[in-house]
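Chemist: Below: one structure in structure tokens.
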Amino acid sequence: MGNNTKAAIMRLGLKEMVAFSKLLFPSVKDSTFFESCGVADLITTCLGGRNRKVAEAYARYGGKRSFEELEAEMLKGQKLQGVLTAKEVHEVLSTRGWLELFPLFSTVHEISTGHLPPSAIVAFSDNKSSFISITEDQHTVRRLVAVLFEGKGS
């Protein structure tokens with residue numbers, strides 16, 4: 001995977017993180033995502049660290065070896081966070097009926113559970129998320145939040 005593809009996935013990941021956070025916590029400020037806990041952590045996680053190391057091995061083996069097996073072999077007692085996070089986020093998305101709004105999150109979960117091959121990470125971008133494309137329109141976001149949380153129409 002080339003650097004441009006990696007950057008595109010990180011950009012879409014950040015957009016989904018912002019959208020997910022705003023749906024759950026409408027008062028969250030955009031500036032939060034430009035702090036160390038936001039984009040800096042996203043870049044660090046994607047470019048290094050134990051989650052990336054094990055995910056890279058998972059992809060190298062074509063998903064034929066489980067994350068649990070690779071974790072035990074490679075991390076010597078440390079634990080992965082990404083697989084558990086993907087599972088927990090998927091549960092929230094599934095429960096609230098938001099899976100189609102978050103194609104990257106959904107794809108990551110499907111890969112981490114072995115339902116899709118690691119190569120599927122580059123194919124998710126064909127599923128354009130209607131929510132992601134409207135996040136800049138704050139009025140639309142507020143309307144969507146009202147519909148999702150309060151059951152109100154326009």
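Here's how to read the names in the structure tokens: chain A, B, ... by the order shown, residue numbers from 1 in each chain, ligand numbers from 1 in the order shown.
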Determine, counting only C-alpha atoms, which protein, DNA and RNA residues have an atom within 8 Å of an atom of segment 49-61 of chain A; residues of the same chain fewer than 4 positions away are not included. Present the result as a PyMOL selection string.

Modeler: chain A and resi 44-45+65-67+70-71+74-75+80-82+118-119

Chemist: May I have the selected residues written with N, CA, C and O atoms, as a CSV table (one decimal), in the first residue's frame?

Modeler:
```csv
chain,number,residue,atom,x,y,z
A,44,THR,N,0.3,8.6,14.9
A,44,THR,CA,1.2,7.7,15.7
A,44,THR,C,0.8,6.3,15.6
A,44,THR,O,1.6,5.4,15.4
A,45,THR,N,-0.5,6.1,15.9
A,45,THR,CA,-1.1,4.7,15.9
A,45,THR,C,-0.9,4.1,14.5
A,45,THR,O,-0.6,2.9,14.4
A,65,ARG,N,-3.6,-16.0,10.1
A,65,ARG,CA,-3.3,-16.2,11.5
A,65,ARG,C,-4.1,-15.2,12.3
A,65,ARG,O,-4.2,-14.0,11.9
A,66,SER,N,-4.6,-15.6,13.4
A,66,SER,CA,-5.5,-14.7,14.2
A,66,SER,C,-4.8,-13.6,14.9
A,66,SER,O,-3.6,-13.7,15.1
A,67,PHE,N,-5.5,-12.6,15.2
A,67,PHE,CA,-4.9,-11.5,16.0
A,67,PHE,C,-4.5,-12.0,17.3
A,67,PHE,O,-3.4,-11.6,17.8
A,70,LEU,N,-1.1,-13.8,16.9
A,70,LEU,CA,0.0,-12.8,16.6
A,70,LEU,C,0.3,-12.0,17.8
A,70,LEU,O,1.4,-11.7,18.1
A,71,GLU,N,-0.8,-11.6,18.6
A,71,GLU,CA,-0.6,-10.9,19.8
A,71,GLU,C,0.3,-11.6,20.8
A,71,GLU,O,1.3,-11.1,21.3
A,74,MET,N,3.9,-11.9,19.3
A,74,MET,CA,4.7,-10.7,19.0
A,74,MET,C,4.8,-9.7,20.2
A,74,MET,O,5.8,-9.0,20.3
A,75,LEU,N,3.8,-9.7,21.1
A,75,LEU,CA,3.8,-8.7,22.1
A,75,LEU,C,4.2,-9.1,23.5
A,75,LEU,O,4.3,-8.3,24.4
A,80,LEU,N,-3.3,-5.9,22.5
A,80,LEU,CA,-3.8,-5.1,21.4
A,80,LEU,C,-5.0,-4.3,21.9
A,80,LEU,O,-5.8,-4.8,22.7
A,81,GLN,N,-5.1,-3.1,21.4
A,81,GLN,CA,-6.3,-2.2,21.7
A,81,GLN,C,-7.2,-2.1,20.6
A,81,GLN,O,-8.4,-2.0,20.7
A,82,GLY,N,-6.6,-2.1,19.3
A,82,GLY,CA,-7.4,-1.9,18.1
A,82,GLY,C,-8.5,-2.9,17.9
A,82,GLY,O,-9.6,-2.5,17.5
A,118,PRO,N,-7.6,-8.7,4.6
A,118,PRO,CA,-6.9,-7.4,4.9
A,118,PRO,C,-6.9,-6.4,3.7
A,118,PRO,O,-7.0,-5.2,3.9
A,119,SER,N,-6.9,-7.0,2.5
A,119,SER,CA,-6.9,-6.1,1.3
A,119,SER,C,-8.1,-5.3,1.1
A,119,SER,O,-8.2,-4.3,0.4
```

Chemist: List the spatial neighbours of segment 2-14 of chain A as a PyMOL selection string - criterion: any atom at most 9 Å away, only C-alpha atoms, same-chain residues fewer than 5 positions off excluded.

Modeler: chain A and resi 19+33+38-39+42-43+46+104-105+121-122+125+132

Chemist: For the residues in that selection, give me N, CA and C atoms as a tab-separated table (two decimals), in the first residue's frame.

Modeler:
```tsv
chain	number	residue	atom	x	y	z
A	19	ALA	N	-17.25	12.39	13.05
A	19	ALA	CA	-18.69	12.18	12.88
A	19	ALA	C	-19.26	11.31	14.00
A	33	PHE	N	-10.03	17.44	18.12
A	33	PHE	CA	-9.41	16.45	17.23
A	33	PHE	C	-8.04	16.89	16.72
A	38	GLY	N	-6.13	13.50	19.37
A	38	GLY	CA	-6.84	13.37	18.10
A	38	GLY	C	-5.93	12.97	16.97
A	39	VAL	N	-5.67	13.92	16.09
A	39	VAL	CA	-4.91	13.61	14.87
A	39	VAL	C	-3.50	13.13	15.18
A	42	LEU	N	-3.79	9.54	16.13
A	42	LEU	CA	-4.16	8.78	14.94
A	42	LEU	C	-2.93	8.51	14.07
A	43	ILE	N	-2.13	9.53	13.82
A	43	ILE	CA	-0.93	9.37	13.00
A	43	ILE	C	0.05	8.42	13.66
A	46	CYS	N	-1.20	4.85	13.44
A	46	CYS	CA	-1.15	4.31	12.08
A	46	CYS	C	0.28	4.05	11.59
A	104	LEU	N	-15.62	2.88	6.82
A	104	LEU	CA	-14.27	2.49	7.25
A	104	LEU	C	-14.33	1.73	8.57
A	105	PHE	N	-15.05	2.25	9.55
A	105	PHE	CA	-15.17	1.54	10.83
A	105	PHE	C	-15.74	0.14	10.61
A	121	ILE	N	-9.33	-3.23	3.00
A	121	ILE	CA	-9.20	-1.89	3.58
A	121	ILE	C	-9.18	-0.81	2.50
A	122	VAL	N	-8.68	-1.13	1.32
A	122	VAL	CA	-8.64	-0.12	0.26
A	122	VAL	C	-9.92	-0.08	-0.55
A	125	SER	N	-13.57	2.59	0.32
A	125	SER	CA	-13.80	3.96	-0.13
A	125	SER	C	-14.81	4.03	-1.27
A	132	ILE	N	-20.60	11.15	6.19
A	132	ILE	CA	-19.28	11.75	6.11
A	132	ILE	C	-19.27	12.91	5.13
```

Chemist: In Å, rounded to a single decimal, give me how far atom CA of Glu68 of chain A is from atom CA of Phe102 of chain A.

Modeler: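 Here the two named atoms are 25.3 Å from each other.
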
Chemist: Suppose you want the space between atom CA of Val18 of chain A and atom CA of Asp30 of chain A; what is it in Å?

Modeler: 7.6 Å

Chemist: Atom CA of Ala86 of chain A and atom CA of Thr113 of chain A are how many Å apart?

Modeler: 9.3 Å
